[in-house]
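Student: Provided below: protein.cif, containing mmCIF, C-alpha atoms.
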```
data_model
loop_
_atom_site.label_atom_id
_atom_site.label_comp_id
_atom_site.auth_asym_id
_atom_site.auth_seq_id
_atom_site.Cartn_x
_atom_site.Cartn_y
_atom_site.Cartn_z
CA MET A 1 0.00 0.00 0.00
CA GLY A 2 3.03 2.23 0.01
CA ARG A 3 6.50 2.48 -1.48
CA ARG A 4 9.77 2.69 0.43
CA ARG A 5 11.05 6.16 1.02
CA PRO A 6 14.85 6.31 1.12
CA GLY A 7 15.57 4.37 4.27
CA GLY A 8 11.85 4.19 5.07
CA PRO A 9 9.86 1.15 6.20
CA THR A 10 7.74 -1.03 3.91
CA LEU A 11 4.23 -2.32 4.34
CA GLU A 12 5.65 -5.77 5.06
CA GLU A 13 7.75 -4.41 7.90
CA VAL A 14 4.66 -2.80 9.44
CA ALA A 15 2.84 -6.15 9.18
CA VAL A 16 5.70 -7.97 10.94
CA ARG A 17 5.87 -5.36 13.72
CA ALA A 18 2.09 -5.55 14.27
CA GLY A 19 2.01 -9.35 14.04
CA VAL A 20 -0.63 -9.38 11.28
CA GLY A 21 -0.82 -10.04 7.56
CA ARG A 22 -0.07 -7.55 4.82
CA GLY A 23 -3.74 -7.41 3.79
CA THR A 24 -4.79 -6.44 7.32
CA VAL A 25 -2.31 -3.53 7.34
CA SER A 26 -3.71 -2.45 3.97
CA ARG A 27 -7.24 -2.40 5.32
CA VAL A 28 -6.29 -0.43 8.44
CA ILE A 29 -4.45 2.18 6.39
CA ASN A 30 -7.52 2.55 4.18
CA ASN A 31 -9.77 2.68 7.27
CA ALA A 32 -11.77 -0.25 5.91
CA ALA A 33 -14.48 -1.98 7.91
CA GLY A 34 -14.18 -5.46 9.41
CA VAL A 35 -10.95 -5.05 11.43
CA LYS A 36 -11.05 -5.68 15.20
CA ALA A 37 -10.34 -2.62 17.32
CA SER A 38 -7.36 -4.30 19.03
CA THR A 39 -5.85 -5.26 15.65
CA ARG A 40 -6.40 -1.75 14.30
CA ARG A 41 -4.61 -0.27 17.33
CA ALA A 42 -1.67 -2.66 16.88
CA VAL A 43 -1.26 -1.68 13.23
CA GLN A 44 -1.55 2.04 13.99
CA ARG A 45 1.04 1.68 16.74
CA ALA A 46 3.42 -0.10 14.33
CA VAL A 47 2.90 2.62 11.70
CA GLU A 48 3.78 5.32 14.25
CA GLU A 49 6.78 3.45 15.66
CA LEU A 50 8.28 2.76 12.22
CA GLY A 51 7.34 6.11 10.71
CA TYR A 52 5.62 4.42 7.78
CA VAL A 53 4.07 6.79 5.19
CA PRO A 54 1.63 5.25 2.66
CA ASN A 55 1.99 6.45 -0.91
CA LEU A 56 -1.51 6.35 -2.37
CA ALA A 57 -0.47 7.37 -5.87
CA ALA A 58 2.18 4.65 -6.01
CA ARG A 59 -0.34 2.15 -4.70
CA SER A 60 -2.77 2.82 -7.52
CA LEU A 61 -0.09 2.60 -10.21
CA ALA A 62 1.77 -0.42 -8.89
CA GLY A 63 -1.29 -2.36 -7.80
CA ARG A 64 -3.47 -1.32 -10.77
CA ARG A 65 -6.13 -0.17 -8.36
CA ALA A 66 -8.91 2.18 -9.42
CA ASP A 67 -9.97 3.11 -5.88
CA ALA A 68 -13.56 2.84 -7.07
CA VAL A 69 -16.44 0.43 -6.52
CA ALA A 70 -19.36 0.05 -8.94
CA LEU A 71 -22.88 -0.04 -7.56
CA VAL A 72 -24.68 -1.88 -10.34
CA LEU A 73 -28.47 -1.58 -10.54
CA THR A 74 -29.86 -4.34 -12.75
CA GLU A 75 -33.57 -3.44 -12.50
CA PRO A 76 -34.99 -3.14 -16.06
CA ASP A 77 -38.04 -1.11 -14.99
CA TRP A 78 -37.15 2.57 -14.63
CA ARG A 79 -40.10 3.13 -12.26
CA GLN A 80 -38.36 1.06 -9.61
CA PHE A 81 -35.67 3.70 -9.13
CA ALA A 82 -38.27 6.04 -7.62
CA GLU A 83 -38.98 3.53 -4.84
CA PRO A 84 -37.56 4.22 -1.34
CA PHE A 85 -35.59 0.96 -1.36
CA PHE A 86 -33.05 2.24 -3.87
CA SER A 87 -32.37 5.55 -2.14
CA GLU A 88 -32.05 3.77 1.21
CA ILE A 89 -29.61 1.16 -0.05
CA VAL A 90 -27.51 3.73 -1.93
CA ARG A 91 -27.30 5.75 1.29
CA SER A 92 -26.33 2.75 3.43
CA LEU A 93 -23.64 1.61 0.98
CA GLY A 94 -22.29 5.14 0.60
CA ASP A 95 -22.07 5.53 4.38
CA ALA A 96 -20.29 2.19 4.74
CA LEU A 97 -17.74 3.14 2.07
CA ALA A 98 -17.26 6.75 3.19
CA ASP A 99 -14.16 6.21 5.32
CA THR A 100 -12.30 3.95 2.90
CA GLY A 101 -11.15 6.62 0.45
CA MET A 102 -12.89 4.79 -2.41
CA GLN A 103 -15.45 6.20 -4.82
CA LEU A 104 -18.91 4.66 -5.29
CA LEU A 105 -19.89 4.72 -8.97
CA LEU A 106 -23.53 4.21 -9.90
CA THR A 107 -24.04 2.05 -13.00
CA LEU A 108 -27.23 0.88 -14.73
CA VAL A 109 -27.05 -2.53 -16.43
CA ARG A 110 -30.36 -3.71 -17.91
CA SER A 111 -29.58 -5.42 -21.23
CA ASP A 112 -27.10 -7.86 -22.80
CA ALA A 113 -25.29 -4.98 -24.49
CA GLU A 114 -24.98 -3.09 -21.21
CA ARG A 115 -23.76 -6.23 -19.42
CA GLN A 116 -21.00 -6.71 -21.98
CA ARG A 117 -20.07 -3.04 -21.87
CA PHE A 118 -19.79 -3.07 -18.09
CA LEU A 119 -17.75 -6.28 -18.19
CA GLU A 120 -15.23 -4.68 -20.55
CA TYR A 121 -15.19 -1.54 -18.39
CA ALA A 122 -14.41 -3.64 -15.30
CA ARG A 123 -11.74 -5.65 -17.11
CA GLY A 124 -9.99 -2.37 -17.88
CA VAL A 125 -9.38 -2.02 -14.11
CA ARG A 126 -11.66 0.99 -13.94
CA VAL A 127 -13.31 -0.43 -10.80
CA ASP A 128 -11.94 -2.68 -8.07
CA GLY A 129 -15.20 -4.47 -7.32
CA ALA A 130 -18.95 -4.53 -7.91
CA LEU A 131 -22.02 -4.40 -5.69
CA LEU A 132 -25.11 -5.78 -7.45
CA VAL A 133 -28.65 -4.73 -6.51
CA SER A 134 -32.05 -5.97 -7.72
CA VAL A 135 -30.79 -9.02 -9.60
CA HIS A 136 -33.58 -11.08 -11.17
CA ALA A 137 -33.58 -14.86 -11.70
CA GLY A 138 -31.50 -15.92 -14.68
CA ASP A 139 -29.42 -12.74 -14.86
CA PRO A 140 -25.95 -13.88 -16.03
CA LEU A 141 -24.08 -10.76 -14.87
CA PRO A 142 -22.94 -12.11 -11.47
CA ASP A 143 -21.46 -15.20 -13.15
CA MET A 144 -19.81 -13.09 -15.86
CA LEU A 145 -18.11 -10.95 -13.20
CA ALA A 146 -17.06 -14.02 -11.20
CA GLU A 147 -15.47 -15.55 -14.30
CA ALA A 148 -13.64 -12.27 -14.89
CA ARG A 149 -12.38 -12.52 -11.26
CA LEU A 150 -13.84 -9.16 -10.31
CA PRO A 151 -14.69 -9.10 -6.59
CA THR A 152 -18.49 -9.06 -6.47
CA VAL A 153 -21.13 -9.02 -3.74
CA MET A 154 -24.88 -9.14 -4.36
CA LEU A 155 -27.68 -7.70 -2.28
CA GLY A 156 -29.99 -10.69 -2.14
CA ARG A 157 -29.64 -13.67 -4.46
CA ARG A 158 -31.09 -15.22 -7.58
CA SER A 159 -31.88 -18.64 -6.12
CA GLY A 160 -31.32 -20.91 -3.13
CA GLU A 161 -27.94 -22.03 -4.51
CA GLU A 162 -25.81 -19.03 -5.34
CA HIS A 163 -22.21 -19.16 -6.57
CA VAL A 164 -21.47 -15.51 -5.82
CA SER A 165 -21.02 -13.83 -2.43
CA TYR A 166 -24.15 -12.12 -1.15
CA VAL A 167 -25.76 -10.41 1.82
CA ASP A 168 -29.47 -10.96 2.36
CA ALA A 169 -32.17 -10.53 4.99
CA ASP A 170 -34.15 -13.42 6.44
CA ASN A 171 -37.11 -12.87 4.14
CA VAL A 172 -38.76 -16.22 4.90
CA GLY A 173 -38.54 -15.70 8.65
CA GLY A 174 -39.68 -12.10 8.40
CA ALA A 175 -42.81 -12.98 6.43
CA ARG A 176 -43.50 -15.92 8.73
CA SER A 177 -43.36 -13.70 11.83
CA ALA A 178 -45.67 -11.14 10.20
CA VAL A 179 -48.35 -13.73 9.40
CA ALA A 180 -47.96 -15.29 12.87
CA HIS A 181 -48.65 -11.84 14.34
CA LEU A 182 -51.86 -11.54 12.29
CA LEU A 183 -52.97 -14.99 13.41
CA GLU A 184 -52.26 -14.14 17.05
CA ARG A 185 -54.50 -11.09 16.65
CA GLY A 186 -57.36 -13.33 15.57
CA ARG A 187 -57.12 -12.83 11.81
CA ARG A 188 -57.93 -15.92 9.77
CA GLU A 189 -58.73 -14.77 6.22
CA ILE A 190 -55.21 -13.62 5.39
CA ALA A 191 -53.98 -12.77 1.89
CA THR A 192 -50.60 -11.66 0.61
CA ILE A 193 -49.37 -9.26 -2.07
CA THR A 194 -46.03 -10.53 -3.36
CA GLY A 195 -43.23 -8.82 -5.20
CA PRO A 196 -42.20 -9.89 -8.74
CA LEU A 197 -42.00 -13.68 -8.55
CA ASP A 198 -38.98 -13.83 -10.85
CA MET A 199 -37.03 -12.42 -7.88
CA TYR A 200 -35.93 -14.78 -5.12
CA VAL A 201 -36.72 -12.20 -2.44
CA ALA A 202 -40.38 -12.26 -3.47
CA GLN A 203 -40.41 -16.06 -3.57
CA CYS A 204 -38.97 -16.20 -0.04
CA ARG A 205 -41.55 -13.79 1.39
CA LEU A 206 -44.32 -15.82 -0.24
CA ARG A 207 -42.82 -18.99 1.23
CA GLY A 208 -42.80 -17.47 4.71
CA TYR A 209 -46.48 -16.54 4.34
CA ARG A 210 -47.39 -20.07 3.24
CA GLU A 211 -45.35 -21.72 5.99
CA ALA A 212 -47.04 -19.63 8.69
CA MET A 213 -50.49 -20.34 7.28
CA ALA A 214 -49.77 -24.07 7.07
CA THR A 215 -48.45 -24.18 10.64
CA ALA A 216 -51.74 -22.64 11.79
CA GLY A 217 -53.75 -25.15 9.77
CA GLN A 218 -54.94 -22.41 7.43
CA GLY A 219 -55.11 -22.73 3.66
CA SER A 220 -53.11 -20.52 1.29
CA GLU A 221 -54.67 -21.20 -2.10
CA ARG A 222 -53.45 -19.29 -5.13
CA SER A 223 -56.52 -17.03 -5.11
CA TRP A 224 -55.29 -15.49 -1.83
CA VAL A 225 -52.03 -14.42 -3.51
CA ALA A 226 -51.69 -11.39 -5.80
CA GLU A 227 -48.43 -10.38 -7.48
CA SER A 228 -47.09 -6.81 -7.57
CA ASP A 229 -43.85 -5.19 -8.67
CA PHE A 230 -43.11 -3.52 -5.31
CA THR A 231 -44.69 -0.22 -6.45
CA GLN A 232 -47.57 1.66 -4.82
CA GLU A 233 -49.82 1.45 -7.86
CA SER A 234 -49.31 -2.30 -8.21
CA GLY A 235 -50.15 -2.71 -4.53
CA ARG A 236 -53.39 -0.80 -5.02
CA ARG A 237 -54.37 -2.97 -8.00
CA ALA A 238 -53.43 -6.21 -6.24
CA MET A 239 -55.45 -5.30 -3.14
CA ALA A 240 -58.49 -4.47 -5.26
CA GLU A 241 -58.19 -7.85 -7.01
CA LEU A 242 -57.96 -9.67 -3.67
CA LEU A 243 -61.04 -7.89 -2.32
CA GLU A 244 -62.97 -8.85 -5.42
CA ARG A 245 -61.98 -12.52 -5.03
CA HIS A 246 -62.34 -12.66 -1.25
CA PRO A 247 -64.48 -9.90 0.31
CA GLU A 248 -64.02 -11.66 3.65
CA ILE A 249 -60.28 -10.78 3.87
CA ASP A 250 -59.34 -9.58 7.36
CA GLY A 251 -55.53 -9.47 7.05
CA VAL A 252 -52.91 -8.89 4.37
CA LEU A 253 -49.12 -9.09 4.19
CA ALA A 254 -47.62 -6.83 1.51
CA ALA A 255 -44.12 -7.58 0.24
CA SER A 256 -42.93 -3.98 0.68
CA ASP A 257 -43.95 -0.84 2.52
CA THR A 258 -44.62 0.92 -0.77
CA THR A 259 -46.91 -1.90 -1.88
CA ALA A 260 -48.66 -1.73 1.50
CA VAL A 261 -49.38 1.98 0.95
CA GLY A 262 -51.16 1.05 -2.28
CA ALA A 263 -53.11 -1.63 -0.39
CA LEU A 264 -54.20 0.94 2.21
CA GLN A 265 -55.49 3.16 -0.59
CA ALA A 266 -57.52 0.32 -2.12
CA LEU A 267 -58.98 -0.64 1.26
CA ARG A 268 -59.97 2.95 1.97
CA ALA A 269 -61.62 3.21 -1.45
CA ALA A 270 -63.57 0.03 -0.71
CA GLY A 271 -64.79 1.39 2.61
CA ARG A 272 -62.70 -1.01 4.70
CA ARG A 273 -61.25 0.29 7.97
CA VAL A 274 -57.66 -0.50 8.96
CA PRO A 275 -57.13 -2.30 11.28
CA GLU A 276 -60.75 -2.76 12.42
CA ASP A 277 -61.82 -4.59 9.24
CA VAL A 278 -58.50 -5.51 7.66
CA ALA A 279 -55.06 -5.57 9.31
CA VAL A 280 -52.13 -4.65 7.04
CA ILE A 281 -48.42 -5.40 7.36
CA GLY A 282 -45.64 -4.19 5.06
CA PHE A 283 -41.99 -5.17 4.66
CA ASP A 284 -38.84 -2.95 4.89
CA ASP A 285 -39.55 -0.34 7.62
CA PHE A 286 -38.76 2.70 5.51
CA PRO A 287 -39.56 6.16 6.97
CA LEU A 288 -42.69 5.89 4.84
CA ALA A 289 -44.13 3.40 7.35
CA GLU A 290 -44.30 6.13 10.01
CA GLN A 291 -46.16 8.49 7.68
CA THR A 292 -49.17 6.37 6.72
CA GLU A 293 -52.60 6.63 8.34
CA PRO A 294 -52.70 4.47 10.36
CA ARG A 295 -48.97 3.98 10.90
CA LEU A 296 -47.79 0.80 9.26
CA THR A 297 -46.79 -2.41 11.02
CA THR A 298 -43.87 -3.77 9.01
CA VAL A 299 -40.94 -6.19 8.91
CA ARG A 300 -37.71 -4.28 9.34
CA GLN A 301 -34.84 -5.07 6.98
CA PRO A 302 -31.55 -3.93 8.58
CA LEU A 303 -30.41 -1.93 5.55
CA GLU A 304 -27.57 -0.15 7.35
CA GLU A 305 -26.20 -3.48 8.53
CA ILE A 306 -26.69 -4.93 5.05
CA GLY A 307 -24.69 -2.06 3.55
CA ARG A 308 -21.86 -2.49 6.04
CA ALA A 309 -21.76 -6.25 5.50
CA MET A 310 -21.67 -5.88 1.71
CA ILE A 311 -18.77 -3.42 1.87
CA ARG A 312 -16.91 -5.62 4.38
CA LEU A 313 -17.21 -8.72 2.19
CA LEU A 314 -16.18 -6.78 -0.91
CA LEU A 315 -13.10 -5.24 0.73
CA GLU A 316 -12.05 -8.63 2.07
CA GLU A 317 -12.42 -10.14 -1.40
CA MET A 318 -10.41 -7.29 -2.92
CA GLU A 319 -7.54 -7.78 -0.48
CA GLU A 320 -7.42 -11.56 -0.31
CA PRO A 321 -9.75 -13.53 -2.62
CA ALA A 322 -11.54 -16.16 -0.57
CA VAL A 323 -11.52 -19.86 -1.33
CA ALA A 324 -15.29 -20.05 -0.84
CA TRP A 325 -18.19 -17.71 -1.53
CA ARG A 326 -19.48 -15.96 1.55
CA HIS A 327 -23.20 -15.86 2.21
CA VAL A 328 -24.52 -13.63 5.00
CA ILE A 329 -28.17 -13.62 6.08
CA LEU A 330 -29.21 -10.98 8.60
CA ARG A 331 -32.16 -11.11 10.93
CA THR A 332 -35.37 -9.17 10.37
CA GLU A 333 -37.59 -7.67 13.06
CA LEU A 334 -41.34 -7.18 13.21
CA VAL A 335 -42.17 -3.55 14.09
CA VAL A 336 -45.75 -3.38 15.38
CA ARG A 337 -47.74 -0.19 14.80
CA GLU A 338 -51.40 0.73 14.45
CA SER A 339 -52.20 -0.93 11.09
CA SER A 340 -52.34 -4.40 12.69
#
```
As structure tokens, what does this structure read like?

Tutor:
Amino acid sequence: MGRRRPGGPTLEEVAVRAGVGRGTVSRVINNAAGVKASTRRAVQRAVEELGYVPNLAARSLAGRRADAVALVLTEPDWRQFAEPFFSEIVRSLGDALADTGMQLLLTLVRSDAERQRFLEYARGVRVDGALLVSVHAGDPLPDMLAEARLPTVMLGRRSGEEHVSYVDADNVGGARSAVAHLLERGRREIATITGPLDMYVAQCRLRGYREAMATAGQGSERSWVAESDFTQESGRRAMAELLERHPEIDGVLAASDTTAVGALQALRAAGRRVPEDVAVIGFDDFPLAEQTEPRLTTVRQPLEEIGRAMIRLLLEEMEEPAVAWRHVILRTELVVRESS
């Protein structure tokens, strides 16, 4: 991470003095996440004792480092970028990367041509790693980047068996706890509004709903399930369809807070009171959930923790490529408010 000044110490000498590996010294110097406080202090003490001065310009030239990370959004529907999820995840990733000295570059990749163009861009050492968001089933980009040996971490995953590192929330468990809450409150005619079912996150939340219903001895026939695309308008349409099929609905789990807002609108238009007639639960716990009337019960995704974990995995992969892919699943939390 630095070059020897005349008579000056090297990175390797700092590592020996601190009793750690070269990669750990590199991460401390760059103020990267994922280093124990005691280890960080040992490295900083060794740097001070030896008088080591990192040369960032030399590091970039000698190591062919770009000091930049690509945040790749693979969502083909432009409307999705207006949803709170994207602004929240960009903020959490930016915060997690802020102290590393690296740039976060936003890139849109939605077609085969754009995939190939980004792959060539990455191969030119213009970025040191990639963070992928909103990857749909069958998208080949993660595998293309893995084959190119570009450090890559996904938010979520494409299927149950993923050959790329990822960070995800416990979507099955979160949905299961939400439906269990509705059942505990005496609701029995419970429907769900899913996300796009070509996304594994939506499949997992649907699975959690079905598991909770089955555990309670309740049915979950297809007619109680309506698909959305995580937007407010699709949530409104899905809720209206469910009411038409099953006027007796007394509870609904929506696959996102934004979708739940649309469901609240449809229920209000149909003259249904929330929660007196129909209890509603969302998923995410965006600030939006505190602004609805009534305030929205929701499943909290720990987006700040997800952002930190993604950056930590990516930096570790950049410094020392791992033998195995790393898969991190973080807990969700049910946040109970007035809507249920």

Student: Can you list, as a compact mmCIF listing (two decimals) with C-alpha atoms, in the frame of the given file, the residues that the PyMOL selection byres ((chain A and resi 67) around 9) selects here?

Tutor:
```txt
# COMPACT_ATOMS: atom_id res chain seq x y z
CA SER A 60 -2.77 2.82 -7.52
CA ARG A 65 -6.13 -0.17 -8.36
CA ALA A 66 -8.91 2.18 -9.42
CA ALA A 68 -13.56 2.84 -7.07
CA VAL A 69 -16.44 0.43 -6.52
CA GLY A 101 -11.15 6.62 0.45
CA MET A 102 -12.89 4.79 -2.41
CA GLN A 103 -15.45 6.20 -4.82
CA ARG A 126 -11.66 0.99 -13.94
CA VAL A 127 -13.31 -0.43 -10.80
CA ASP A 128 -11.94 -2.68 -8.07
```

Student: Evaluating the PyMOL selection byres ((chain A and resi 285-293) around 8) on the displayed file yields which residues, as number ranges by chain?

Tutor: A: 84-85, 257-258, 261, 282-284, 294-301, 335

Student: At most 10 Å is the cut-off: for each residue in stretch 221-335 of chain A with any atom that close to an atom of stretch 180-183 of chain A, write down the nearest atom pair and the distance in Å rounded to one decimal, counting only C-alpha atoms, chain first then increasing number, as a tab-separated table.

Tutor:
```
residue	atom	partner	partner_atom	distance
A:Asp250	CA	A:Leu182	CA	9.2
A:Gly251	CA	A:Leu182	CA	6.7
A:Val252	CA	A:Leu182	CA	8.4
A:Leu253	CA	A:Leu182	CA	8.9
A:Ala279	CA	A:Leu182	CA	7.4
A:Val280	CA	A:Leu182	CA	8.7
A:Ile281	CA	A:Leu182	CA	8.6
A:Leu334	CA	A:His181	CA	8.7
```

Student: Between A:Glu88, A:Glu244, A:Glu162, A:Glu83, single out the one closest to A:Thr231, counting only C-alpha atoms.

Tutor: A:Glu83

Student: Quick one: which residues end up in the PyMOL selection byres ((chain A and resi 325-328) around 6) for this structure, as an NGL selection string?

Tutor: :A and (164-167 or 324 or 329)

Student: Which neighbours of A:Ala263 fall inside 8 Å, counting all atoms listed in the file, when residues of the same chain fewer than 5 positions from it are skipped, and could you give them as a list in words?

Tutor: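 Near A:Ala263, the qualifying residues are Gln232, Gly235, Arg236, Arg237, Ala238, Met239, Ala240 and Ala254 of chain A.
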
Student: For each of A:Gly51, A:Arg188, A:Pro142, A:Ile193, take the minimum atom-to-atom distance to A:Leu242, counting all atoms listed in the file, then give the residue where this is smallest.

Tutor: A:Ile193

Student: Could you jot down the atom CA of A:Pro76 to atom CA of A:Asp139 separation for me, Å, one decimal place?

Tutor: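 Between these atoms lies a distance of 11.2 Å.
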
Student: Would you mind telling me which residue in A:Glu184, A:Glu49, A:Asp99, A:Glu333 lies nearest to A:Pro302 when using all atoms listed in the file?

Tutor: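 Residue with the minimum atom-to-atom distance to A:Pro302: A:Glu333.
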
Student: Could you please give me, as an NGL selection string, the residues of protein, DNA or RNA lying at most 8 Å from (2.9, -5.4, 6.7) in the coordinate frame of the file, considering only C-alpha atoms?

Tutor: :A and (10-18 or 20-26)

Student: Could you give me the centre and size, in Å to one decimal, of an axis-aligned box around all listed atoms of stretch 273-281 of chain A with 3 Å added on every side, as JSON?

Tutor:
```
{"center_x": -55.1, "center_y": -2.6, "center_z": 9.7, "size_x": 19.4, "size_y": 11.9, "size_z": 11.4}
```

Student: Would you kindly identify which residues have an atom no farther than 8 Å from (-42.7, -6.3, -4.9), using only C-alpha atoms and the file's own coordinates, and write them out as an mmCIF file with C-alpha atoms, keeping the file's coordinate frame?

Tutor:
```cif
data_model
loop_
_atom_site.group_PDB
_atom_site.id
_atom_site.type_symbol
_atom_site.label_atom_id
_atom_site.label_comp_id
_atom_site.auth_asym_id
_atom_site.auth_seq_id
_atom_site.Cartn_x
_atom_site.Cartn_y
_atom_site.Cartn_z
ATOM 1 C CA ILE A 193 -49.370 -9.260 -2.070
ATOM 2 C CA THR A 194 -46.030 -10.530 -3.360
ATOM 3 C CA GLY A 195 -43.230 -8.820 -5.200
ATOM 4 C CA PRO A 196 -42.200 -9.890 -8.740
ATOM 5 C CA ALA A 202 -40.380 -12.260 -3.470
ATOM 6 C CA GLU A 227 -48.430 -10.380 -7.480
ATOM 7 C CA SER A 228 -47.090 -6.810 -7.570
ATOM 8 C CA ASP A 229 -43.850 -5.190 -8.670
ATOM 9 C CA PHE A 230 -43.110 -3.520 -5.310
ATOM 10 C CA THR A 231 -44.690 -0.220 -6.450
ATOM 11 C CA ALA A 255 -44.120 -7.580 0.240
ATOM 12 C CA SER A 256 -42.930 -3.980 0.680
ATOM 13 C CA THR A 259 -46.910 -1.900 -1.880
#
```

Student: List the neighbours of A:Val28 out to 8 Å using only C-alpha atoms; skip same-chain residues closer than 4 positions along the sequence, and give me the result as a ChimeraX atom specification.

Tutor: /A:24,32,35,40,43-44

Student: Measuring between all atoms listed in the file, which one of A:Glu233, A:Leu197, A:Val323, A:Leu104 shows the shortest distance to A:Arg91?

Tutor: A:Leu104

Student: Just checking: using all atoms listed in the file, which residue out of A:Ala260, A:Ala46, A:Ala269, A:Leu330 ends up closest to A:Glu304?

Tutor: A:Leu330

Student: Find the residues around A:Glu221 up to 12 Å (only C-alpha atoms counted), leave out those fewer than 4 positions away in its own chain, and share them as a PyMOL selection string.

Tutor: chain A and resi 189-192+206+209-210+213-214+225-226+245-246
